[in-house]
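Heads up, target.json below (JSON, C-alpha atoms and all ligand atoms):
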```
[["chain", "number", "residue", "atom", "x", "y", "z"],
["A", 1, "MET", "CA", 7.95, 20.01, -3.92],
["A", 2, "ARG", "CA", 10.88, 21.06, -1.74],
["A", 3, "SER", "CA", 10.84, 24.83, -2.13],
["A", 4, "PRO", "CA", 7.98, 25.55, 0.33],
["A", 5, "HIS", "CA", 9.89, 23.70, 3.06],
["A", 6, "ILE", "CA", 13.09, 25.60, 2.36],
["A", 7, "GLN", "CA", 11.18, 28.85, 2.41],
["A", 8, "ARG", "CA", 9.53, 28.02, 5.72],
["A", 9, "SER", "CA", 12.79, 27.11, 7.38],
["A", 10, "ILE", "CA", 14.29, 30.46, 6.35],
["A", 11, "CYS", "CA", 11.30, 32.54, 7.37],
["A", 12, "PRO", "CA", 8.99, 30.59, 9.67],
["A", 13, "GLU", "CA", 5.49, 31.79, 10.33],
["A", 14, "PRO", "CA", 3.80, 31.06, 13.68],
["A", 15, "GLY", "CA", 2.26, 27.61, 13.57],
["A", 16, "ASP", "CA", 4.13, 26.57, 10.44],
["A", 17, "PHE", "CA", 6.00, 23.80, 12.17],
["A", 18, "HIS", "CA", 2.74, 22.21, 13.24],
["A", 19, "SER", "CA", 0.85, 22.73, 9.99],
["A", 20, "ASP", "CA", 2.36, 19.74, 8.15],
["A", 21, "VAL", "CA", 0.46, 16.98, 9.91],
["A", 22, "SER", "CA", 1.82, 14.30, 7.60],
["A", 23, "LEU", "CA", 5.55, 13.80, 7.93],
["A", 24, "ALA", "CA", 5.58, 11.47, 4.93],
["A", 25, "PRO", "CA", 7.93, 12.59, 2.17],
["A", 26, "SER", "CA", 6.12, 13.94, -0.85],
["A", 27, "TRP", "CA", 7.22, 10.97, -2.96],
["A", 28, "ILE", "CA", 5.31, 8.43, -0.86],
["A", 29, "SER", "CA", 2.71, 7.00, -3.23],
["A", 30, "THR", "CA", -0.07, 6.58, -0.65],
["A", 31, "ALA", "CA", 0.23, 10.17, 0.59],
["A", 32, "MET", "CA", 0.28, 11.47, -2.98],
["A", 33, "LEU", "CA", -2.89, 9.58, -3.84],
["A", 34, "GLU", "CA", -4.71, 10.43, -0.61],
["A", 35, "ASN", "CA", -3.99, 14.12, -1.12],
["A", 36, "MET", "CA", -5.68, 14.01, -4.53],
["A", 37, "ARG", "CA", -9.33, 14.40, -5.42],
["A", 38, "PHE", "CA", -11.12, 13.73, -8.70],
["A", 39, "PRO", "CA", -9.72, 13.45, -11.30],
["A", 40, "TYR", "CA", -7.09, 11.16, -9.79],
["A", 41, "GLU", "CA", -3.68, 10.69, -11.37],
["A", 42, "LEU", "CA", -1.30, 7.77, -11.13],
["A", 43, "PRO", "CA", 0.92, 8.38, -8.08],
["A", 44, "ALA", "CA", 4.65, 8.07, -8.71],
["A", 45, "LEU", "CA", 6.58, 5.02, -7.58],
["A", 46, "PRO", "CA", 8.87, 5.69, -4.60],
["A", 47, "TYR", "CA", 11.80, 4.10, -6.50],
["A", 48, "ALA", "CA", 13.02, 3.61, -10.05],
["A", 49, "LEU", "CA", 11.53, 0.81, -12.16],
["A", 50, "ASP", "CA", 14.71, -1.29, -12.01],
["A", 51, "GLU", "CA", 15.40, -0.95, -8.28],
["A", 52, "LEU", "CA", 13.37, -3.93, -7.06],
["A", 53, "SER", "CA", 15.16, -6.30, -9.43],
["A", 54, "PRO", "CA", 15.82, -9.24, -9.35],
["A", 55, "PHE", "CA", 12.90, -9.92, -6.97],
["A", 56, "ILE", "CA", 10.49, -7.85, -9.06],
["A", 57, "SER", "CA", 11.76, -7.10, -12.56],
["A", 58, "GLU", "CA", 11.66, -3.76, -14.32],
["A", 59, "ASN", "CA", 9.30, -5.31, -16.87],
["A", 60, "THR", "CA", 6.83, -6.44, -14.20],
["A", 61, "LEU", "CA", 6.95, -3.09, -12.44],
["A", 62, "ARG", "CA", 6.46, -1.16, -15.68],
["A", 63, "PHE", "CA", 3.30, -3.14, -16.52],
["A", 64, "HIS", "CA", 2.06, -3.32, -12.95],
["A", 65, "HIS", "CA", 2.40, 0.40, -12.27],
["A", 66, "GLY", "CA", 2.06, 1.89, -15.74],
["A", 67, "ARG", "CA", -0.74, -0.33, -17.04],
["A", 68, "HIS", "CA", -2.57, -2.08, -14.19],
["A", 69, "HIS", "CA", -2.46, 0.68, -11.58],
["A", 70, "GLN", "CA", -3.13, 3.29, -14.26],
["A", 71, "ALA", "CA", -6.16, 1.29, -15.42],
["A", 72, "TYR", "CA", -7.63, 1.31, -11.90],
["A", 73, "ILE", "CA", -7.08, 5.07, -11.66],
["A", 74, "ASP", "CA", -8.75, 5.64, -15.03],
["A", 75, "ALA", "CA", -11.68, 3.36, -14.19],
["A", 76, "LEU", "CA", -12.10, 5.08, -10.81],
["A", 77, "ASN", "CA", -12.30, 8.48, -12.51],
["A", 78, "GLN", "CA", -14.83, 7.13, -14.96],
["A", 79, "ALA", "CA", -16.93, 5.54, -12.20],
["A", 80, "ILE", "CA", -17.13, 8.63, -9.96],
["A", 81, "ASP", "CA", -17.37, 11.31, -12.66],
["A", 82, "ASP", "CA", -20.40, 13.48, -11.91],
["A", 83, "THR", "CA", -21.33, 11.56, -8.77],
["A", 84, "GLU", "CA", -21.43, 12.31, -5.02],
["A", 85, "PHE", "CA", -18.07, 10.50, -4.72],
["A", 86, "GLU", "CA", -16.04, 13.11, -6.63],
["A", 87, "ALA", "CA", -15.31, 15.28, -3.60],
["A", 88, "MET", "CA", -14.88, 12.46, -1.08],
["A", 89, "PRO", "CA", -11.42, 11.59, 0.27],
["A", 90, "LEU", "CA", -10.33, 8.23, -1.08],
["A", 91, "ARG", "CA", -10.34, 6.30, 2.22],
["A", 92, "ALA", "CA", -13.84, 7.58, 3.01],
["A", 93, "LEU", "CA", -14.97, 6.68, -0.49],
["A", 94, "ILE", "CA", -13.68, 3.12, -0.08],
["A", 95, "ARG", "CA", -15.45, 2.71, 3.26],
["A", 96, "ALA", "CA", -18.67, 4.27, 1.95],
["A", 97, "THR", "CA", -18.92, 1.89, -1.01],
["A", 98, "ALA", "CA", -17.64, -1.36, 0.54],
["A", 99, "ALA", "CA", -20.16, -4.17, 0.11],
["A", 100, "LYS", "CA", -22.79, -1.74, -1.18],
["A", 101, "THR", "CA", -24.98, -3.04, -3.96],
["A", 102, "GLY", "CA", -24.73, -0.83, -7.00],
["A", 103, "HIS", "CA", -21.34, 0.62, -6.06],
["A", 104, "ALA", "CA", -19.13, -2.34, -6.94],
["A", 105, "ALA", "CA", -17.32, -0.54, -9.77],
["A", 106, "VAL", "CA", -16.54, 2.46, -7.58],
["A", 107, "PHE", "CA", -15.39, 0.31, -4.67],
["A", 108, "ASN", "CA", -13.30, -2.10, -6.74],
["A", 109, "ASN", "CA", -11.42, 0.62, -8.59],
["A", 110, "ALA", "CA", -11.07, 2.95, -5.60],
["A", 111, "ALA", "CA", -9.77, 0.10, -3.45],
["A", 112, "GLN", "CA", -7.39, -1.13, -6.14],
["A", 113, "ALA", "CA", -6.14, 2.43, -6.75],
["A", 114, "TRP", "CA", -5.41, 2.76, -3.01],
["A", 115, "ASN", "CA", -4.14, -0.83, -2.52],
["A", 116, "HIS", "CA", -1.48, -0.38, -5.19],
["A", 117, "ALA", "CA", -0.20, 2.95, -3.84],
["A", 118, "PHE", "CA", 0.03, 1.30, -0.41],
["A", 119, "TYR", "CA", 1.77, -1.70, -1.94],
["A", 120, "TRP", "CA", 4.42, 0.43, -3.68],
["A", 121, "ASP", "CA", 5.20, 2.01, -0.32],
["A", 122, "SER", "CA", 5.28, -1.41, 1.34],
["A", 123, "LEU", "CA", 8.35, -2.25, -0.76],
["A", 124, "ARG", "CA", 11.76, -0.65, -0.97],
["A", 125, "PRO", "CA", 15.23, -1.37, -2.26],
["A", 126, "PRO", "CA", 16.91, -2.78, -0.26],
["A", 127, "GLY", "CA", 14.10, -3.94, 2.01],
["A", 128, "GLY", "CA", 13.57, -6.86, 4.32],
["A", 129, "GLY", "CA", 15.80, -7.05, 7.38],
["A", 130, "GLU", "CA", 14.54, -6.21, 10.85],
["A", 131, "PRO", "CA", 11.61, -3.94, 11.79],
["A", 132, "PRO", "CA", 12.42, -0.80, 13.82],
["A", 133, "PRO", "CA", 12.34, -1.35, 17.64],
["A", 134, "VAL", "CA", 8.76, -0.23, 18.44],
["A", 135, "LEU", "CA", 7.23, -2.37, 15.70],
["A", 136, "ARG", "CA", 9.56, -5.24, 16.51],
["A", 137, "GLN", "CA", 8.40, -5.31, 20.13],
["A", 138, "MET", "CA", 4.76, -5.33, 19.04],
["A", 139, "ILE", "CA", 5.45, -8.12, 16.55],
["A", 140, "GLU", "CA", 7.22, -10.16, 19.22],
["A", 141, "ALA", "CA", 4.29, -9.62, 21.61],
["A", 142, "SER", "CA", 1.82, -10.77, 18.93],
["A", 143, "PHE", "CA", 3.71, -13.54, 17.12],
["A", 144, "GLY", "CA", 6.56, -14.51, 19.45],
["A", 145, "SER", "CA", 9.22, -13.50, 16.93],
["A", 146, "VAL", "CA", 9.78, -11.54, 13.73],
["A", 147, "ALA", "CA", 10.47, -14.84, 11.96],
["A", 148, "ALA", "CA", 7.06, -16.20, 13.02],
["A", 149, "CYS", "CA", 5.40, -13.00, 11.79],
["A", 150, "LYS", "CA", 7.15, -13.29, 8.41],
["A", 151, "GLU", "CA", 6.08, -16.91, 8.21],
["A", 152, "ALA", "CA", 2.43, -16.02, 8.90],
["A", 153, "LEU", "CA", 2.52, -13.21, 6.34],
["A", 154, "THR", "CA", 4.10, -15.52, 3.76],
["A", 155, "ASP", "CA", 1.52, -18.20, 4.47],
["A", 156, "ALA", "CA", -1.35, -15.72, 4.01],
["A", 157, "ALA", "CA", 0.10, -14.51, 0.71],
["A", 158, "VAL", "CA", 0.69, -18.03, -0.60],
["A", 159, "THR", "CA", -2.67, -19.46, 0.51],
["A", 160, "GLN", "CA", -4.96, -16.58, -0.55],
["A", 161, "PHE", "CA", -7.16, -18.41, -3.05],
["A", 162, "GLY", "CA", -7.17, -16.70, -6.42],
["A", 163, "THR", "CA", -6.61, -12.96, -6.67],
["A", 164, "GLY", "CA", -6.18, -10.82, -3.60],
["A", 165, "TRP", "CA", -3.85, -9.38, -1.02],
["A", 166, "ALA", "CA", -1.95, -10.30, 2.12],
["A", 167, "TRP", "CA", -1.69, -7.63, 4.83],
["A", 168, "LEU", "CA", 0.07, -6.86, 8.05],
["A", 169, "VAL", "CA", -2.36, -4.86, 10.19],
["A", 170, "LEU", "CA", -2.82, -3.40, 13.64],
["A", 171, "GLU", "CA", -6.11, -4.59, 15.10],
["A", 172, "ASP", "CA", -7.26, -4.47, 18.75],
["A", 173, "GLY", "CA", -3.78, -3.40, 19.79],
["A", 174, "ARG", "CA", -2.11, -6.41, 18.22],
["A", 175, "ILE", "CA", -0.19, -6.97, 15.00],
["A", 176, "ARG", "CA", -2.08, -9.44, 12.85],
["A", 177, "VAL", "CA", -1.88, -10.97, 9.39],
["A", 178, "MET", "CA", -4.92, -10.77, 7.14],
["A", 179, "LYS", "CA", -5.74, -11.84, 3.62],
["A", 180, "THR", "CA", -8.43, -10.35, 1.41],
["A", 181, "GLY", "CA", -9.91, -11.36, -1.94],
["A", 182, "GLU", "CA", -9.90, -9.29, -5.14],
["A", 183, "ALA", "CA", -9.95, -5.55, -4.26],
["A", 184, "ASP", "CA", -10.98, -5.89, -0.61],
["A", 185, "ASN", "CA", -8.69, -4.36, 2.02],
["A", 186, "PRO", "CA", -8.37, -3.71, 5.78],
["A", 187, "LEU", "CA", -9.92, -0.23, 5.49],
["A", 188, "THR", "CA", -13.33, -1.94, 5.33],
["A", 189, "ARG", "CA", -12.69, -3.38, 8.81],
["A", 190, "ALA", "CA", -11.56, -1.92, 12.11],
["A", 191, "ALA", "CA", -7.92, -2.57, 11.25],
["A", 192, "ILE", "CA", -5.02, -0.23, 10.45],
["A", 193, "PRO", "CA", -3.05, -1.51, 7.45],
["A", 194, "LEU", "CA", 0.73, -1.62, 7.92],
["A", 195, "LEU", "CA", 2.00, -3.53, 4.86],
["A", 196, "ALA", "CA", 0.47, -5.00, 1.71],
["A", 197, "ILE", "CA", 1.55, -7.82, -0.60],
["A", 198, "ASP", "CA", -0.21, -8.06, -3.96],
["A", 199, "VAL", "CA", -0.85, -11.67, -4.94],
["A", 200, "TRP", "CA", -2.82, -11.05, -8.11],
["A", 201, "GLU", "CA", -1.03, -12.98, -10.85],
["A", 202, "HIS", "CA", -0.12, -9.74, -12.64],
["A", 203, "ALA", "CA", 2.19, -8.98, -9.69],
["A", 204, "TYR", "CA", 4.49, -11.90, -10.47],
["A", 205, "TYR", "CA", 3.50, -13.89, -13.53],
["A", 206, "LEU", "CA", 6.03, -12.31, -15.93],
["A", 207, "ASP", "CA", 8.87, -13.15, -13.54],
["A", 208, "TYR", "CA", 7.73, -16.29, -11.75],
["A", 209, "GLN", "CA", 4.82, -17.69, -13.82],
["A", 210, "ASN", "CA", 2.79, -19.84, -11.40],
["A", 211, "ARG", "CA", 5.44, -19.85, -8.64],
["A", 212, "ARG", "CA", 3.72, -17.44, -6.28],
["A", 213, "LYS", "CA", 5.59, -18.90, -3.30],
["A", 214, "ASP", "CA", 9.00, -17.98, -4.78],
["A", 215, "HIS", "CA", 7.78, -14.47, -5.52],
["A", 216, "VAL", "CA", 6.42, -13.99, -2.00],
["A", 217, "ALA", "CA", 9.67, -15.27, -0.48],
["A", 218, "GLY", "CA", 11.60, -12.65, -2.46],
["A", 219, "VAL", "CA", 9.24, -9.89, -1.35],
["A", 220, "VAL", "CA", 9.22, -10.84, 2.34],
["A", 221, "ASP", "CA", 12.97, -11.43, 2.63],
["A", 222, "HIS", "CA", 14.28, -8.65, 0.40],
["A", 223, "LEU", "CA", 11.74, -5.92, -0.29],
["A", 224, "LEU", "CA", 9.45, -5.27, 2.70],
["A", 225, "ASN", "CA", 9.62, -1.67, 3.95],
["A", 226, "TRP", "CA", 9.41, -2.10, 7.73],
["A", 227, "ASP", "CA", 9.89, 1.64, 8.27],
["A", 228, "PHE", "CA", 6.74, 2.28, 6.27],
["A", 229, "ALA", "CA", 4.90, -0.29, 8.41],
["A", 230, "ALA", "CA", 6.15, 1.38, 11.61],
["A", 231, "SER", "CA", 5.09, 4.82, 10.35],
["A", 232, "HIS", "CA", 1.43, 3.87, 10.84],
["A", 233, "LEU", "CA", 1.83, 3.10, 14.54],
["A", 234, "ALA", "CA", 2.23, 6.69, 15.73],
["A", 301, "MN", "MN", -1.67, -5.47, -8.69]]
```
Output the file's structure in the form of structure tokens.
Amino acid sequence: MRSPHIQRSICPEPGDFHSDVSLAPSWISTAMLENMRFPYELPALPYALDELSPFISENTLRFHHGRHHQAYIDALNQAIDDTEFEAMPLRALIRATAAKTGHAAVFNNAAQAWNHAFYWDSLRPPGGGEPPPVLRQMIEASFGSVAACKEALTDAAVTQFGTGWAWLVLEDGRIRVMKTGEADNPLTRAAIPLLAIDVWEHAYYLDYQNRRKDHVAGVVDHLLNWDFAASHLA
């Protein structure tokens, strides 16, 4: 993936430096997935399987990425094969099928395929710590403090009833916390997703059994990728 960049820097063509709109590294899962079209493939994790341990074990990550995420990708391909959705970019596909009768299988698997790529990018080893200055100022304007924001995000993740997701989003110029059920996500609303936390049981049951709160605490304090969150503000 690197050779085109090296080549360009040696022998730049006019306009080359403005042609790469996305500055995201090629290993970012969300960018990988969004650059694909049918048939989709499982995007790579942005870290090794053992790097989120002990907060998320290698075993959990292997099943979550290799089995669960893969299953959503496979089911998405099956659901859109030979349909109008094959050529559609993934975000557009999710928005087009949200809450549409008859398209539940496409929406659920497309959203879960995207949610998981976004979730992998929302984590990093070592994560947690403080958000970069621009995001931090926006968080302080919206929540009063980073600690209050973390508390609201934790509360959303812990209190989401049943399966679903907790999100940090930008909506109406403010940073907000949102929770969604099952496959639903902020793309179906007028909100820009910044971070995702998966609270389906498969995200933590092997490591924490029913103790979702302990899992979420580990994620929020030690794994959140604030740089990824800030990257969506530009
Ligand atoms: Mn999951």
Query raised in the report: Taking only C-alpha atoms and all ligand atoms into account, which residues are within 12 Å of ligand MN 301 (chain A), as an NGL selection string?
Result: :A and (60-72 or 109 or 111-120 or 163-166 or 182-183 or 196-205)
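A straight line drawn from atom CA of A:Ala105 to atom CA of A:Trp167 is 22.5 Å long.
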Requested in this report: Identify which of the residues A:Ala152, A:Met138, A:Ala99, A:Leu123 lies closest to A:Phe55, counting only C-alpha atoms when measuring atom-to-atom distances.
Outcome: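 Among the listed residues, the smallest separation from A:Phe55 belongs to A:Leu123.
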Any idea what's packed within 12 Å of A:Leu153, counting all atoms listed in the file, ignoring anything in its chain fewer than 5 positions away? Could you give it as a PDB file with C-alpha atoms, in the frame of the given file?
```pdb
ATOM      1  CA  ILE A 139       5.450  -8.120  16.550  1.00  0.00           C
ATOM      2  CA  PHE A 143       3.710 -13.540  17.120  1.00  0.00           C
ATOM      3  CA  VAL A 146       9.780 -11.540  13.730  1.00  0.00           C
ATOM      4  CA  ALA A 147      10.470 -14.840  11.960  1.00  0.00           C
ATOM      5  CA  ALA A 148       7.060 -16.200  13.020  1.00  0.00           C
ATOM      6  CA  VAL A 158       0.690 -18.030  -0.600  1.00  0.00           C
ATOM      7  CA  THR A 159      -2.670 -19.460   0.510  1.00  0.00           C
ATOM      8  CA  GLN A 160      -4.960 -16.580  -0.550  1.00  0.00           C
ATOM      9  CA  TRP A 165      -3.850  -9.380  -1.020  1.00  0.00           C
ATOM     10  CA  ALA A 166      -1.950 -10.300   2.120  1.00  0.00           C
ATOM     11  CA  TRP A 167      -1.690  -7.630   4.830  1.00  0.00           C
ATOM     12  CA  LEU A 168       0.070  -6.860   8.050  1.00  0.00           C
ATOM     13  CA  VAL A 169      -2.360  -4.860  10.190  1.00  0.00           C
ATOM     14  CA  ILE A 175      -0.190  -6.970  15.000  1.00  0.00           C
ATOM     15  CA  ARG A 176      -2.080  -9.440  12.850  1.00  0.00           C
ATOM     16  CA  VAL A 177      -1.880 -10.970   9.390  1.00  0.00           C
ATOM     17  CA  MET A 178      -4.920 -10.770   7.140  1.00  0.00           C
ATOM     18  CA  LYS A 179      -5.740 -11.840   3.620  1.00  0.00           C
ATOM     19  CA  LEU A 194       0.730  -1.620   7.920  1.00  0.00           C
ATOM     20  CA  LEU A 195       2.000  -3.530   4.860  1.00  0.00           C
ATOM     21  CA  ALA A 196       0.470  -5.000   1.710  1.00  0.00           C
ATOM     22  CA  ILE A 197       1.550  -7.820  -0.600  1.00  0.00           C
ATOM     23  CA  ASP A 198      -0.210  -8.060  -3.960  1.00  0.00           C
ATOM     24  CA  VAL A 199      -0.850 -11.670  -4.940  1.00  0.00           C
ATOM     25  CA  LYS A 213       5.590 -18.900  -3.300  1.00  0.00           C
ATOM     26  CA  VAL A 216       6.420 -13.990  -2.000  1.00  0.00           C
ATOM     27  CA  ALA A 217       9.670 -15.270  -0.480  1.00  0.00           C
ATOM     28  CA  VAL A 219       9.240  -9.890  -1.350  1.00  0.00           C
ATOM     29  CA  VAL A 220       9.220 -10.840   2.340  1.00  0.00           C
ATOM     30  CA  ASP A 221      12.970 -11.430   2.630  1.00  0.00           C
ATOM     31  CA  LEU A 224       9.450  -5.270   2.700  1.00  0.00           C
TER      32      LEU A 224
END
```
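The closest residue to A:Ala96, picked from A:Asn108, A:Thr188, A:Gln78, A:Ser122 and counting all atoms listed in the file, is A:Thr188.
Computed from the coordinates, the atom CA of A:Leu170 to atom CA of A:Ala190 distance equals 9.0 Å.
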Report task. Name the residues in contact with A:Pro46 at a cut-off of 8 Å, using all atoms listed in the file, excluding same-chain residues fewer than 4 positions from it; report them as a list in words. Result ->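 Close residues of A:Pro46: Trp27, Ile28, Ser29, Trp120, Asp121 and Arg124 of chain A.
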**Report entry** Among the residues A:Arg37, A:Arg136, A:Arg174, A:His215, the one that comes closest to A:Thr154 [using all atoms listed in the file]
**Finding:**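 The closest residue to A:Thr154 is A:His215.
Across the model, the gap from atom CA of A:Ile192 to atom CA of A:Met36 is 20.7 Å.
For the point (-8.4, 13.2, -7.5), the residues with an atom at a distance of at most 10 Å are A:Met32, A:Leu33, A:Glu34, A:Asn35, A:Met36, A:Arg37, A:Phe38, A:Pro39, A:Tyr40, A:Glu41, A:Leu42, A:Ile73, A:Leu76, A:Asn77, A:Glu86, A:Ala87, A:Met88, A:Pro89, A:Leu90, counting only C-alpha atoms.
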Quick one: stretch 59-79 of chain A with N, CA and C atoms, as a PDB file, in the coordinates of the input?
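Now in part-v1.pdb:
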```
ATOM      1  N   ASN A  59      10.424  -5.037 -15.952  1.00  0.00           N
ATOM      2  CA  ASN A  59       9.300  -5.310 -16.870  1.00  0.00           C
ATOM      3  C   ASN A  59       7.989  -5.472 -16.096  1.00  0.00           C
ATOM      4  N   THR A  60       8.031  -6.261 -15.033  1.00  0.00           N
ATOM      5  CA  THR A  60       6.830  -6.440 -14.200  1.00  0.00           C
ATOM      6  C   THR A  60       6.368  -5.116 -13.616  1.00  0.00           C
ATOM      7  N   LEU A  61       7.318  -4.343 -13.084  1.00  0.00           N
ATOM      8  CA  LEU A  61       6.950  -3.090 -12.440  1.00  0.00           C
ATOM      9  C   LEU A  61       6.396  -2.086 -13.449  1.00  0.00           C
ATOM     10  N   ARG A  62       6.950  -2.080 -14.648  1.00  0.00           N
ATOM     11  CA  ARG A  62       6.460  -1.160 -15.680  1.00  0.00           C
ATOM     12  C   ARG A  62       5.000  -1.471 -16.034  1.00  0.00           C
ATOM     13  N   PHE A  63       4.688  -2.755 -16.209  1.00  0.00           N
ATOM     14  CA  PHE A  63       3.300  -3.140 -16.520  1.00  0.00           C
ATOM     15  C   PHE A  63       2.392  -2.956 -15.312  1.00  0.00           C
ATOM     16  N   HIS A  64       2.898  -3.344 -14.154  1.00  0.00           N
ATOM     17  CA  HIS A  64       2.060  -3.320 -12.950  1.00  0.00           C
ATOM     18  C   HIS A  64       1.679  -1.884 -12.576  1.00  0.00           C
ATOM     19  N   HIS A  65       2.655  -1.010 -12.612  1.00  0.00           N
ATOM     20  CA  HIS A  65       2.400   0.400 -12.270  1.00  0.00           C
ATOM     21  C   HIS A  65       1.797   1.150 -13.459  1.00  0.00           C
ATOM     22  N   GLY A  66       2.442   1.074 -14.586  1.00  0.00           N
ATOM     23  CA  GLY A  66       2.060   1.890 -15.740  1.00  0.00           C
ATOM     24  C   GLY A  66       0.780   1.451 -16.440  1.00  0.00           C
ATOM     25  N   ARG A  67       0.460   0.176 -16.368  1.00  0.00           N
ATOM     26  CA  ARG A  67      -0.740  -0.330 -17.040  1.00  0.00           C
ATOM     27  C   ARG A  67      -1.837  -0.701 -16.044  1.00  0.00           C
ATOM     28  N   HIS A  68      -1.517  -1.614 -15.104  1.00  0.00           N
ATOM     29  CA  HIS A  68      -2.570  -2.080 -14.190  1.00  0.00           C
ATOM     30  C   HIS A  68      -3.023  -0.988 -13.221  1.00  0.00           C
ATOM     31  N   HIS A  69      -2.072  -0.373 -12.530  1.00  0.00           N
ATOM     32  CA  HIS A  69      -2.460   0.680 -11.580  1.00  0.00           C
ATOM     33  C   HIS A  69      -3.118   1.846 -12.327  1.00  0.00           C
ATOM     34  N   GLN A  70      -2.537   2.211 -13.454  1.00  0.00           N
ATOM     35  CA  GLN A  70      -3.130   3.290 -14.260  1.00  0.00           C
ATOM     36  C   GLN A  70      -4.570   2.952 -14.664  1.00  0.00           C
ATOM     37  N   ALA A  71      -4.805   1.700 -15.000  1.00  0.00           N
ATOM     38  CA  ALA A  71      -6.160   1.290 -15.420  1.00  0.00           C
ATOM     39  C   ALA A  71      -7.161   1.441 -14.270  1.00  0.00           C
ATOM     40  N   TYR A  72      -6.734   1.129 -13.057  1.00  0.00           N
ATOM     41  CA  TYR A  72      -7.630   1.310 -11.900  1.00  0.00           C
ATOM     42  C   TYR A  72      -7.921   2.792 -11.668  1.00  0.00           C
ATOM     43  N   ILE A  73      -6.903   3.623 -11.824  1.00  0.00           N
ATOM     44  CA  ILE A  73      -7.080   5.070 -11.660  1.00  0.00           C
ATOM     45  C   ILE A  73      -8.070   5.587 -12.717  1.00  0.00           C
ATOM     46  N   ASP A  74      -7.864   5.179 -13.943  1.00  0.00           N
ATOM     47  CA  ASP A  74      -8.750   5.640 -15.030  1.00  0.00           C
ATOM     48  C   ASP A  74     -10.186   5.163 -14.803  1.00  0.00           C
ATOM     49  N   ALA A  75     -10.327   3.899 -14.405  1.00  0.00           N
ATOM     50  CA  ALA A  75     -11.680   3.360 -14.190  1.00  0.00           C
ATOM     51  C   ALA A  75     -12.354   4.014 -12.985  1.00  0.00           C
ATOM     52  N   LEU A  76     -11.558   4.357 -11.974  1.00  0.00           N
ATOM     53  CA  LEU A  76     -12.100   5.080 -10.810  1.00  0.00           C
ATOM     54  C   LEU A  76     -12.648   6.435 -11.250  1.00  0.00           C
ATOM     55  N   ASN A  77     -11.847   7.162 -12.025  1.00  0.00           N
ATOM     56  CA  ASN A  77     -12.300   8.480 -12.510  1.00  0.00           C
ATOM     57  C   ASN A  77     -13.591   8.354 -13.307  1.00  0.00           C
ATOM     58  N   GLN A  78     -13.639   7.335 -14.137  1.00  0.00           N
ATOM     59  CA  GLN A  78     -14.830   7.130 -14.960  1.00  0.00           C
ATOM     60  C   GLN A  78     -16.048   6.798 -14.080  1.00  0.00           C
ATOM     61  N   ALA A  79     -15.814   5.999 -13.040  1.00  0.00           N
ATOM     62  CA  ALA A  79     -16.930   5.540 -12.200  1.00  0.00           C
ATOM     63  C   ALA A  79     -17.483   6.643 -11.297  1.00  0.00           C
TER      64      ALA A  79
END
```
